[in-house]
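K.L.:
Let me begin by handing over the structure; questions about it come next.
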Amino acid sequence: MARIAIRRLATLVPLVWLVVTLTFLVVKLAPGSYADTLDHPRLTPEAREALRASYGLDRPLGEQYLRWLSAAATGDLGGSYLYKEPVSRVIGRALPPTVLLAGTALLLDLVLGLLLAMTAARRPYGWVDRLTGVLGLGIYGMPSFWIAGLLVLVFALGLGWLPVSHMHSVDAGQLSAQGRLLDLLRHLVLPAASLGLVGAAATARLLRSTLLEARASRFVLAARARGLSRSRILWVHSLRPALLPAITALGLSLPMVVSGSVVIESVFSWPGMGMALWRAAEARDVPLVMGLTLVGAAAVIVGNLVADLLYAVADPRAREER
Amino acid sequence: MTTATRIRIGAVAVAGLAAACILGPLAVPGPPADPVLGALQPPLTTVTALELDDGTVVVAPRVEATRDGLVATGAGRRRIVDPARVTATTRHRLCLGSDRFGRDVLRELLVGGRISLAIAAFSLVLAVVIGGAVGIAAATGGRVVDAVLMRCVDAFLAFPLLFLMILAAALLRPDPLLLVVLLGCTSWMGVARLVRGQVLSLRSRPFVAAARVSGSRWHRIAIWHYAPNLVGPVSQDTALRMGDLVLAEATLSYLGLGVPPSVPTWGSMVAQGHRALPDGWWLAVFPGAAIALVVIGLAVIGDSLQRLGDPEP
């Protein structure tokens, strides 16, 4: 178990390095630097040059890269040009909203996907199965930002039940602790739903097919012959083998969840990593862009690792093979 | 429903929409755009277009003849036109309404679909070429090459690519070609895995061994023996992949990457619709529905093709 974890980690470190290097190249090769984005009538060309020098932007590309890499290796992500504070603090502020949004969406994805797949697999090719199949296919084809727009149209603008965007109301500061929590939850519903529904459709599709596969296997026949109840066979005997591919798919879908929450953040003006990245890139705030990418890549990669380990926990065969 | 019927339904949906997008803008002239009186008309409005002698056009949902002249009203404004100046009058039905600049949404949808589908199709070609090359190289190039290439595939799969694309969107100027390159370079991994697996199983087949002992070079084997046998499995896979690319393209142009704002694509039309949301629900709803229709159609085709290739129930 520990061996698998160490082996996987050893291959993942170069991966993070590759991603970060690629990002550095993209940021640096794009035209303009932070000093050029500043717009002030009294900023003379000399002052601009001095500013570039003070941020080390006049140094050769290789030197800038090595300087950033060696600092990052010791855990120092540098200071943000835009916010004039350590990058780690900016990320510390942007991470919780994204984790909250992506986490809620993932939970919704799993619970809803599992329930739909279970009801569908109880009677394959019955009307519930057909209905969820059609719905799942429909949702799979819809872009998440469009679903978000439809939900806003119906529940926020049409019925007025939920807020249109942002994470807090304007007057949230005056509310009690409970009121603030409720306010946050009300703001969370639409973004999490638009992200989670798309995921749930995919999860349900996958789980249904693996459940049906498990149903046809010999151990299910044996369980039936022993006179076990339908639901016990479904929830205990079929579910465990059926979950295995779902765990791998979950790990692979993590980049999608992160990316998806970036899109949804921009629809709902949710103050998370995506918005921070967008602003940082527009201001050519290199340390912040690099820091955000590093955290994003690390999160996805650790998530994949966790999925791998979960797989090993759930399937004894995987433990021996690797 | 049989598999063949499903394929037919999916193909009709996708091909119909694609044909409409390619030919539609030629066939449907649409009313000229009038950003003043003709803006934000709901679907199924009939508008009257008055061509004036100075070449300008007044488009309005209501035109009434009064003592002062022709009174055109629309979008909360009115304008009085001297009947003597009107050179031609035409009536148009805006099936899907008009946008903030008075443009016909149906026409925009068809023009935008042409661009969206072209970008997705070209990046699909690029992805298949890159993925095919990497897959064949990994399967035939020896253990070291295989390990390195497959690590690269893992790296690309593990990375939140949209993150990188948002970065590119914020940093680089919108350009359809850039979009094709970005999409193509970030969606070849699935093809590479598929091709690698197929080639690994083909490699041990007798006809490949026969080609090798008869002195064929590796590129000859790749082109004449591997490639033809890869067409089937890859084309099954591409239907689903094309759907994903249509979605990815829509997402990027929704975020503002891709084409310049003046050129409509389905994604940017949804974005524009969201900005006008309280007034014009139809602006965002129809382009999104078009995306969904294409992606679902492609998914139906892909699923059914897979079922044909693998006839277990």
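Residues in the structure tokens are named by chain (A, B, ... in the order shown) and by number from 1 within that chain; ligands are numbered from 1 in the order shown.
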Fewer than 6 positions away in the same chain doesn't count, so skip those; otherwise give me all residues within 12 Å of Asp279 in chain B, counting only C-alpha atoms, as an mmCIF file with C-alpha atoms, in the first residue's frame.
P.N.:
data_model
loop_
_atom_site.group_PDB
_atom_site.id
_atom_site.type_symbol
_atom_site.label_atom_id
_atom_site.label_comp_id
_atom_site.auth_asym_id
_atom_site.auth_seq_id
_atom_site.Cartn_x
_atom_site.Cartn_y
_atom_site.Cartn_z
ATOM 1 C CA LEU A 153 -33.246 32.319 -15.606
ATOM 2 C CA LEU A 157 -34.783 35.842 -12.331
ATOM 3 C CA GLY A 158 -38.077 34.024 -12.910
ATOM 4 C CA ALA B 39 -33.209 45.378 -31.034
ATOM 5 C CA LEU B 40 -34.178 42.568 -28.645
ATOM 6 C CA GLN B 41 -37.342 41.433 -30.392
ATOM 7 C CA PRO B 42 -38.723 38.194 -28.939
ATOM 8 C CA ALA B 75 -37.621 48.482 -28.421
ATOM 9 C CA SER B 98 -33.216 39.479 -32.579
ATOM 10 C CA ASP B 99 -30.235 40.434 -30.445
ATOM 11 C CA ARG B 100 -29.179 43.745 -28.920
ATOM 12 C CA GLN B 272 -23.714 37.614 -24.987
ATOM 13 C CA GLY B 273 -27.128 36.282 -24.055
#
K.L.:
What's the 8 Å shell around range 224-229 of chain B, counting only C-alpha atoms, without same-chain residues fewer than 2 positions away, as a list in words?
P.N.:
Val199, Leu202, Val208, Arg220, Ile221, Ala222, Val231 and Gly232 of chain B
K.L.:
So, counting only C-alpha atoms, which residue among A:Arg224, A:Lys84, A:Arg93, A:His237 is closest to Pro287 in chain A?
P.N.:
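Among the listed residues, A:Lys84 lies closest to Pro287 in chain A.
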K.L.:
Pick out each residue of range 39-285 of chain A that DSSP on the backbone tags as alpha helix (DSSP H); I need them as a VMD selection string.
P.N.:
chain A and resid 45 to 54 61 to 73 87 to 122 127 to 141 144 to 151 177 to 215 218 to 225 230 to 232 239 to 268 273 to 282
K.L.:
Separation of CA of Ala138 in chain B and CA of Ala192 in chain B, in Å?
P.N.:
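Rounded to one decimal, the two atoms are 8.5 Å apart.
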K.L.:
Could you write out as a PDB file with N, CA and C atoms, in the first residue's frame the residues of chain B within 10 Å of chain A, counting only C-alpha atoms?
P.N.:
ATOM      1  N   ARG B 151       3.914   8.539 -20.224  1.00  0.00           N
ATOM      2  CA  ARG B 151       3.978   9.491 -19.101  1.00  0.00           C
ATOM      3  C   ARG B 151       3.442  10.854 -19.542  1.00  0.00           C
ATOM      4  N   CYS B 152       3.825  11.245 -20.770  1.00  0.00           N
ATOM      5  CA  CYS B 152       3.331  12.521 -21.297  1.00  0.00           C
ATOM      6  C   CYS B 152       1.808  12.502 -21.398  1.00  0.00           C
ATOM      7  N   ASP B 154      -0.206  10.739 -19.587  1.00  0.00           N
ATOM      8  CA  ASP B 154      -0.716  10.875 -18.216  1.00  0.00           C
ATOM      9  C   ASP B 154      -0.656  12.311 -17.755  1.00  0.00           C
ATOM     10  N   ALA B 155       0.476  12.984 -18.084  1.00  0.00           N
ATOM     11  CA  ALA B 155       0.655  14.374 -17.658  1.00  0.00           C
ATOM     12  C   ALA B 155      -0.461  15.237 -18.220  1.00  0.00           C
ATOM     13  N   PHE B 156      -0.736  15.056 -19.526  1.00  0.00           N
ATOM     14  CA  PHE B 156      -1.773  15.880 -20.147  1.00  0.00           C
ATOM     15  C   PHE B 156      -3.147  15.556 -19.579  1.00  0.00           C
ATOM     16  N   LEU B 157      -3.367  14.262 -19.285  1.00  0.00           N
ATOM     17  CA  LEU B 157      -4.680  13.880 -18.755  1.00  0.00           C
ATOM     18  C   LEU B 157      -4.880  14.410 -17.347  1.00  0.00           C
ATOM     19  N   ALA B 158      -3.772  14.504 -16.586  1.00  0.00           N
ATOM     20  CA  ALA B 158      -3.904  14.890 -15.190  1.00  0.00           C
ATOM     21  C   ALA B 158      -4.020  16.397 -15.021  1.00  0.00           C
ATOM     22  N   PHE B 159      -3.721  17.132 -16.079  1.00  0.00           N
ATOM     23  CA  PHE B 159      -3.662  18.579 -15.908  1.00  0.00           C
ATOM     24  C   PHE B 159      -5.022  19.220 -16.178  1.00  0.00           C
ATOM     25  N   PRO B 160      -5.436  20.145 -15.335  1.00  0.00           N
ATOM     26  CA  PRO B 160      -6.673  20.868 -15.644  1.00  0.00           C
ATOM     27  C   PRO B 160      -6.445  21.785 -16.841  1.00  0.00           C
ATOM     28  N   LEU B 161      -6.734  21.262 -18.027  1.00  0.00           N
ATOM     29  CA  LEU B 161      -6.338  21.968 -19.241  1.00  0.00           C
ATOM     30  C   LEU B 161      -7.053  23.293 -19.417  1.00  0.00           C
ATOM     31  N   LEU B 162      -8.261  23.350 -18.899  1.00  0.00           N
ATOM     32  CA  LEU B 162      -9.000  24.587 -19.055  1.00  0.00           C
ATOM     33  C   LEU B 162      -8.302  25.726 -18.324  1.00  0.00           C
ATOM     34  N   PHE B 163      -7.611  25.384 -17.254  1.00  0.00           N
ATOM     35  CA  PHE B 163      -6.790  26.345 -16.524  1.00  0.00           C
ATOM     36  C   PHE B 163      -5.802  26.983 -17.484  1.00  0.00           C
ATOM     37  N   LEU B 164      -5.118  26.117 -18.228  1.00  0.00           N
ATOM     38  CA  LEU B 164      -4.115  26.586 -19.184  1.00  0.00           C
ATOM     39  C   LEU B 164      -4.783  27.433 -20.264  1.00  0.00           C
ATOM     40  N   MET B 165      -5.981  27.025 -20.647  1.00  0.00           N
ATOM     41  CA  MET B 165      -6.664  27.736 -21.728  1.00  0.00           C
ATOM     42  C   MET B 165      -7.151  29.095 -21.267  1.00  0.00           C
ATOM     43  N   ILE B 166      -7.596  29.163 -20.019  1.00  0.00           N
ATOM     44  CA  ILE B 166      -7.997  30.461 -19.489  1.00  0.00           C
ATOM     45  C   ILE B 166      -6.790  31.386 -19.481  1.00  0.00           C
ATOM     46  N   LEU B 167      -5.673  30.799 -19.112  1.00  0.00           N
ATOM     47  CA  LEU B 167      -4.419  31.548 -19.125  1.00  0.00           C
ATOM     48  C   LEU B 167      -4.155  32.072 -20.534  1.00  0.00           C
ATOM     49  N   ALA B 168      -4.246  31.178 -21.505  1.00  0.00           N
ATOM     50  CA  ALA B 168      -4.009  31.574 -22.884  1.00  0.00           C
ATOM     51  C   ALA B 168      -5.032  32.620 -23.320  1.00  0.00           C
ATOM     52  N   ALA B 169      -6.277  32.446 -22.862  1.00  0.00           N
ATOM     53  CA  ALA B 169      -7.335  33.395 -23.233  1.00  0.00           C
ATOM     54  C   ALA B 169      -7.022  34.781 -22.727  1.00  0.00           C
ATOM     55  N   ALA B 170      -6.502  34.847 -21.498  1.00  0.00           N
ATOM     56  CA  ALA B 170      -6.215  36.145 -20.914  1.00  0.00           C
ATOM     57  C   ALA B 170      -4.951  36.746 -21.500  1.00  0.00           C
ATOM     58  N   LEU B 171      -4.036  35.890 -21.954  1.00  0.00           N
ATOM     59  CA  LEU B 171      -2.730  36.390 -22.375  1.00  0.00           C
ATOM     60  C   LEU B 171      -2.654  36.689 -23.869  1.00  0.00           C
ATOM     61  N   LEU B 172      -3.307  35.866 -24.674  1.00  0.00           N
ATOM     62  CA  LEU B 172      -3.109  35.964 -26.117  1.00  0.00           C
ATOM     63  C   LEU B 172      -4.336  36.559 -26.787  1.00  0.00           C
ATOM     64  N   ARG B 173      -4.116  37.088 -27.991  1.00  0.00           N
ATOM     65  CA  ARG B 173      -5.227  37.683 -28.708  1.00  0.00           C
ATOM     66  C   ARG B 173      -6.104  36.576 -29.292  1.00  0.00           C
ATOM     67  N   GLY B 243     -17.951  15.484 -30.155  1.00  0.00           N
ATOM     68  CA  GLY B 243     -18.895  16.109 -29.238  1.00  0.00           C
ATOM     69  C   GLY B 243     -18.180  16.851 -28.122  1.00  0.00           C
ATOM     70  N   ASP B 244     -17.164  16.196 -27.559  1.00  0.00           N
ATOM     71  CA  ASP B 244     -16.401  16.847 -26.491  1.00  0.00           C
ATOM     72  C   ASP B 244     -15.731  18.117 -26.996  1.00  0.00           C
ATOM     73  N   VAL B 246     -16.763  20.037 -29.489  1.00  0.00           N
ATOM     74  CA  VAL B 246     -17.774  21.088 -29.668  1.00  0.00           C
ATOM     75  C   VAL B 246     -18.037  21.765 -28.323  1.00  0.00           C
ATOM     76  N   LEU B 247     -18.140  20.942 -27.268  1.00  0.00           N
ATOM     77  CA  LEU B 247     -18.356  21.498 -25.930  1.00  0.00           C
ATOM     78  C   LEU B 247     -17.179  22.354 -25.480  1.00  0.00           C
ATOM     79  N   ALA B 248     -15.956  21.853 -25.732  1.00  0.00           N
ATOM     80  CA  ALA B 248     -14.774  22.599 -25.295  1.00  0.00           C
ATOM     81  C   ALA B 248     -14.675  23.925 -26.033  1.00  0.00           C
ATOM     82  N   ALA B 250     -17.114  25.599 -27.284  1.00  0.00           N
ATOM     83  CA  ALA B 250     -18.164  26.480 -26.776  1.00  0.00           C
ATOM     84  C   ALA B 250     -17.733  27.103 -25.450  1.00  0.00           C
ATOM     85  N   THR B 251     -17.120  26.280 -24.592  1.00  0.00           N
ATOM     86  CA  THR B 251     -16.684  26.790 -23.290  1.00  0.00           C
ATOM     87  C   THR B 251     -15.658  27.893 -23.463  1.00  0.00           C
ATOM     88  N   LEU B 252     -14.682  27.650 -24.345  1.00  0.00           N
ATOM     89  CA  LEU B 252     -13.633  28.651 -24.535  1.00  0.00           C
ATOM     90  C   LEU B 252     -14.181  29.929 -25.135  1.00  0.00           C
ATOM     91  N   TYR B 254     -17.144  30.919 -24.883  1.00  0.00           N
ATOM     92  CA  TYR B 254     -17.968  31.535 -23.836  1.00  0.00           C
ATOM     93  C   TYR B 254     -17.101  32.413 -22.939  1.00  0.00           C
ATOM     94  N   LEU B 255     -15.881  31.916 -22.647  1.00  0.00           N
ATOM     95  CA  LEU B 255     -14.977  32.665 -21.777  1.00  0.00           C
ATOM     96  C   LEU B 255     -14.280  33.801 -22.515  1.00  0.00           C
ATOM     97  N   GLY B 267     -20.768  29.502 -28.505  1.00  0.00           N
ATOM     98  CA  GLY B 267     -20.361  29.817 -27.138  1.00  0.00           C
ATOM     99  C   GLY B 267     -20.430  31.305 -26.842  1.00  0.00           C
ATOM    100  N   VAL B 270     -23.956  32.528 -26.389  1.00  0.00           N
ATOM    101  CA  VAL B 270     -24.512  32.269 -25.057  1.00  0.00           C
ATOM    102  C   VAL B 270     -23.986  33.317 -24.074  1.00  0.00           C
ATOM    103  N   ALA B 271     -22.682  33.633 -24.196  1.00  0.00           N
ATOM    104  CA  ALA B 271     -22.105  34.634 -23.290  1.00  0.00           C
ATOM    105  C   ALA B 271     -22.800  35.973 -23.461  1.00  0.00           C
ATOM    106  N   GLY B 273     -25.778  36.433 -24.582  1.00  0.00           N
ATOM    107  CA  GLY B 273     -27.128  36.282 -24.055  1.00  0.00           C
ATOM    108  C   GLY B 273     -27.169  36.418 -22.548  1.00  0.00           C
ATOM    109  N   HIS B 274     -26.138  35.860 -21.881  1.00  0.00           N
ATOM    110  CA  HIS B 274     -26.118  35.965 -20.421  1.00  0.00           C
ATOM    111  C   HIS B 274     -25.970  37.409 -19.978  1.00  0.00           C
ATOM    112  N   ARG B 275     -25.235  38.186 -20.772  1.00  0.00           N
ATOM    113  CA  ARG B 275     -25.071  39.587 -20.396  1.00  0.00           C
ATOM    114  C   ARG B 275     -26.386  40.332 -20.548  1.00  0.00           C
ATOM    115  N   LEU B 277     -29.318  39.016 -19.975  1.00  0.00           N
ATOM    116  CA  LEU B 277     -30.273  38.021 -19.492  1.00  0.00           C
ATOM    117  C   LEU B 277     -31.646  38.543 -19.054  1.00  0.00           C
ATOM    118  N   PRO B 278     -31.754  39.567 -18.236  1.00  0.00           N
ATOM    119  CA  PRO B 278     -33.112  39.886 -17.793  1.00  0.00           C
ATOM    120  C   PRO B 278     -34.033  40.258 -18.950  1.00  0.00           C
ATOM    121  N   TRP B 281     -34.271  36.314 -22.886  1.00  0.00           N
ATOM    122  CA  TRP B 281     -33.934  34.927 -22.571  1.00  0.00           C
ATOM    123  C   TRP B 281     -33.544  34.153 -23.818  1.00  0.00           C
ATOM    124  N   ALA B 284     -29.625  33.475 -25.098  1.00  0.00           N
ATOM    125  CA  ALA B 284     -28.746  32.425 -24.581  1.00  0.00           C
ATOM    126  C   ALA B 284     -29.331  31.046 -24.820  1.00  0.00           C
ATOM    127  N   VAL B 285     -30.658  30.947 -24.840  1.00  0.00           N
ATOM    128  CA  VAL B 285     -31.280  29.623 -24.854  1.00  0.00           C
ATOM    129  C   VAL B 285     -31.040  28.895 -26.176  1.00  0.00           C
ATOM    130  N   PRO B 287     -28.727  29.232 -28.879  1.00  0.00           N
ATOM    131  CA  PRO B 287     -27.396  28.692 -29.213  1.00  0.00           C
ATOM    132  C   PRO B 287     -26.988  27.529 -28.323  1.00  0.00           C
ATOM    133  N   GLY B 288     -27.339  27.608 -27.023  1.00  0.00           N
ATOM    134  CA  GLY B 288     -27.029  26.500 -26.116  1.00  0.00           C
ATOM    135  C   GLY B 288     -27.746  25.236 -26.541  1.00  0.00           C
ATOM    136  N   ALA B 289     -29.011  25.383 -26.959  1.00  0.00           N
ATOM    137  CA  ALA B 289     -29.774  24.214 -27.406  1.00  0.00           C
ATOM    138  C   ALA B 289     -29.139  23.615 -28.653  1.00  0.00           C
ATOM    139  N   ALA B 290     -28.604  24.475 -29.523  1.00  0.00           N
ATOM    140  CA  ALA B 290     -27.943  23.974 -30.728  1.00  0.00           C
ATOM    141  C   ALA B 290     -26.712  23.147 -30.357  1.00  0.00           C
ATOM    142  N   ILE B 291     -25.919  23.651 -29.390  1.00  0.00           N
ATOM    143  CA  ILE B 291     -24.753  22.898 -28.925  1.00  0.00           C
ATOM    144  C   ILE B 291     -25.199  21.543 -28.403  1.00  0.00           C
ATOM    145  N   ALA B 292     -26.219  21.570 -27.533  1.00  0.00           N
ATOM    146  CA  ALA B 292     -26.689  20.327 -26.919  1.00  0.00           C
ATOM    147  C   ALA B 292     -27.144  19.339 -27.990  1.00  0.00           C
ATOM    148  N   LEU B 293     -27.862  19.845 -28.987  1.00  0.00           N
ATOM    149  CA  LEU B 293     -28.389  18.963 -30.040  1.00  0.00           C
ATOM    150  C   LEU B 293     -27.241  18.266 -30.781  1.00  0.00           C
ATOM    151  N   VAL B 294     -26.222  19.029 -31.139  1.00  0.00           N
ATOM    152  CA  VAL B 294     -25.091  18.441 -31.868  1.00  0.00           C
ATOM    153  C   VAL B 294     -24.372  17.413 -30.998  1.00  0.00           C
ATOM    154  N   VAL B 295     -24.102  17.795 -29.740  1.00  0.00           N
ATOM    155  CA  VAL B 295     -23.335  16.891 -28.877  1.00  0.00           C
ATOM    156  C   VAL B 295     -24.128  15.614 -28.613  1.00  0.00           C
ATOM    157  N   ILE B 296     -25.426  15.760 -28.362  1.00  0.00           N
ATOM    158  CA  ILE B 296     -26.243  14.572 -28.099  1.00  0.00           C
ATOM    159  C   ILE B 296     -26.310  13.694 -29.350  1.00  0.00           C
ATOM    160  N   GLY B 297     -26.490  14.330 -30.509  1.00  0.00           N
ATOM    161  CA  GLY B 297     -26.523  13.568 -31.751  1.00  0.00           C
ATOM    162  C   GLY B 297     -25.243  12.772 -31.947  1.00  0.00           C
ATOM    163  N   LEU B 298     -24.113  13.430 -31.703  1.00  0.00           N
ATOM    164  CA  LEU B 298     -22.821  12.755 -31.853  1.00  0.00           C
ATOM    165  C   LEU B 298     -22.676  11.626 -30.833  1.00  0.00           C
ATOM    166  N   ALA B 299     -23.167  11.854 -29.606  1.00  0.00           N
ATOM    167  CA  ALA B 299     -23.073  10.808 -28.585  1.00  0.00           C
ATOM    168  C   ALA B 299     -23.895   9.588 -28.985  1.00  0.00           C
ATOM    169  N   VAL B 300     -25.089   9.841 -29.552  1.00  0.00           N
ATOM    170  CA  VAL B 300     -25.933   8.725 -29.989  1.00  0.00           C
ATOM    171  C   VAL B 300     -25.221   7.935 -31.081  1.00  0.00           C
ATOM    172  N   PRO B 313     -24.575  -7.714 -25.533  1.00  0.00           N
ATOM    173  CA  PRO B 313     -25.679  -6.886 -25.086  1.00  0.00           C
ATOM    174  C   PRO B 313     -25.295  -5.958 -23.938  1.00  0.00           C
TER     175      PRO B 313
END
K.L.:
Give me every strand (DSSP E or B) residue in range 39-211 of chain B, going by DSSP on the backbone, as a ChimeraX atom specification.
P.N.:
/B:45-52,57-60,62-66,69-74,77-81,86-94,98,104
K.L.:
May I have the residues from that selection written out with N, CA and C atoms, as a tab-separated table (two decimals), in the first residue's frame?
P.N.:
chain	number	residue	atom	x	y	z
B	45	THR	N	-41.51	37.29	-33.74
B	45	THR	CA	-41.98	38.63	-34.07
B	45	THR	C	-41.90	38.82	-35.58
B	46	THR	N	-42.87	39.49	-36.15
B	46	THR	CA	-42.77	39.87	-37.55
B	46	THR	C	-42.36	41.33	-37.60
B	47	VAL	N	-41.29	41.60	-38.32
B	47	VAL	CA	-40.83	42.99	-38.38
B	47	VAL	C	-40.99	43.52	-39.80
B	48	THR	N	-41.15	44.81	-39.91
B	48	THR	CA	-41.22	45.47	-41.20
B	48	THR	C	-39.93	46.23	-41.42
B	49	ALA	N	-39.30	46.01	-42.55
B	49	ALA	CA	-38.07	46.72	-42.87
B	49	ALA	C	-38.37	47.78	-43.92
B	50	LEU	N	-38.09	49.04	-43.58
B	50	LEU	CA	-38.31	50.14	-44.52
B	50	LEU	C	-36.95	50.59	-45.05
B	51	GLU	N	-36.74	50.41	-46.33
B	51	GLU	CA	-35.48	50.89	-46.90
B	51	GLU	C	-35.67	52.33	-47.31
B	52	LEU	N	-34.75	53.19	-46.88
B	52	LEU	CA	-34.88	54.62	-47.17
B	52	LEU	C	-33.99	55.00	-48.35
B	57	VAL	N	-31.70	51.63	-43.27
B	57	VAL	CA	-32.87	50.78	-43.12
B	57	VAL	C	-33.47	50.99	-41.74
B	58	VAL	N	-34.79	51.08	-41.69
B	58	VAL	CA	-35.47	51.13	-40.40
B	58	VAL	C	-36.23	49.82	-40.26
B	59	VAL	N	-35.92	49.08	-39.20
B	59	VAL	CA	-36.61	47.81	-38.96
B	59	VAL	C	-37.37	47.94	-37.65
B	60	ALA	N	-38.64	47.67	-37.68
B	60	ALA	CA	-39.44	47.81	-36.46
B	60	ALA	C	-40.57	46.81	-36.47
B	62	ARG	N	-43.56	47.32	-35.34
B	62	ARG	CA	-44.85	47.96	-35.66
B	62	ARG	C	-44.63	49.21	-36.50
B	63	VAL	N	-45.33	49.28	-37.61
B	63	VAL	CA	-45.28	50.48	-38.44
B	63	VAL	C	-46.71	50.90	-38.73
B	64	GLU	N	-47.07	52.10	-38.38
B	64	GLU	CA	-48.42	52.57	-38.61
B	64	GLU	C	-48.41	53.85	-39.45
B	65	ALA	N	-49.36	53.93	-40.35
B	65	ALA	CA	-49.48	55.14	-41.15
B	65	ALA	C	-50.35	56.15	-40.39
B	66	THR	N	-49.81	57.32	-40.12
B	66	THR	CA	-50.59	58.37	-39.46
B	66	THR	C	-50.49	59.63	-40.31
B	69	GLY	N	-46.89	60.83	-40.90
B	69	GLY	CA	-46.03	59.97	-41.72
B	69	GLY	C	-46.10	58.56	-41.18
B	70	LEU	N	-45.09	57.75	-41.49
B	70	LEU	CA	-45.07	56.38	-40.99
B	70	LEU	C	-44.43	56.40	-39.60
B	71	VAL	N	-45.16	55.89	-38.60
B	71	VAL	CA	-44.63	55.85	-37.23
B	71	VAL	C	-44.15	54.42	-36.96
B	72	ALA	N	-42.84	54.30	-36.80
B	72	ALA	CA	-42.26	52.98	-36.51
B	72	ALA	C	-41.97	52.91	-35.03
B	73	THR	N	-42.49	51.88	-34.34
B	73	THR	CA	-42.21	51.72	-32.91
B	73	THR	C	-41.59	50.36	-32.65
B	74	GLY	N	-40.69	50.32	-31.67
B	74	GLY	CA	-40.04	49.07	-31.28
B	74	GLY	C	-38.97	49.37	-30.27
B	77	ARG	N	-38.82	52.60	-28.38
B	77	ARG	CA	-38.56	53.89	-29.02
B	77	ARG	C	-39.49	54.03	-30.22
B	78	ARG	N	-39.62	55.25	-30.72
B	78	ARG	CA	-40.40	55.43	-31.94
B	78	ARG	C	-39.69	56.40	-32.86
B	79	ARG	N	-39.99	56.25	-34.15
B	79	ARG	CA	-39.37	57.12	-35.12
B	79	ARG	C	-40.38	57.40	-36.22
B	80	ILE	N	-40.43	58.63	-36.63
B	80	ILE	CA	-41.37	59.00	-37.69
B	80	ILE	C	-40.61	59.08	-39.00
B	81	VAL	N	-41.12	58.34	-40.01
B	81	VAL	CA	-40.45	58.28	-41.30
B	81	VAL	C	-41.36	58.93	-42.34
B	86	VAL	N	-39.31	56.32	-48.42
B	86	VAL	CA	-39.23	54.86	-48.39
B	86	VAL	C	-39.15	54.31	-49.81
B	87	THR	N	-38.08	53.54	-50.10
B	87	THR	CA	-37.95	53.00	-51.44
B	87	THR	C	-38.48	51.58	-51.54
B	88	ALA	N	-38.41	50.83	-50.47
B	88	ALA	CA	-38.91	49.46	-50.51
B	88	ALA	C	-39.36	49.04	-49.12
B	89	THR	N	-40.36	48.21	-49.05
B	89	THR	CA	-40.86	47.71	-47.77
B	89	THR	C	-40.88	46.19	-47.83
B	90	THR	N	-40.25	45.56	-46.87
B	90	THR	CA	-40.30	44.09	-46.81
B	90	THR	C	-40.69	43.68	-45.41
B	91	ARG	N	-41.28	42.49	-45.31
B	91	ARG	CA	-41.64	41.96	-43.99
B	91	ARG	C	-40.86	40.68	-43.74
B	92	HIS	N	-40.38	40.54	-42.52
B	92	HIS	CA	-39.59	39.35	-42.16
B	92	HIS	C	-40.13	38.78	-40.88
B	93	ARG	N	-40.04	37.46	-40.77
B	93	ARG	CA	-40.43	36.82	-39.53
B	93	ARG	C	-39.15	36.42	-38.79
B	94	LEU	N	-38.96	36.97	-37.57
B	94	LEU	CA	-37.79	36.61	-36.77
B	94	LEU	C	-38.14	35.39	-35.94
B	98	SER	N	-34.40	38.73	-32.16
B	98	SER	CA	-33.22	39.48	-32.58
B	98	SER	C	-32.40	39.83	-31.35
B	104	ASP	N	-30.74	39.19	-36.63
B	104	ASP	CA	-31.60	38.02	-36.59
B	104	ASP	C	-30.85	36.87	-35.90
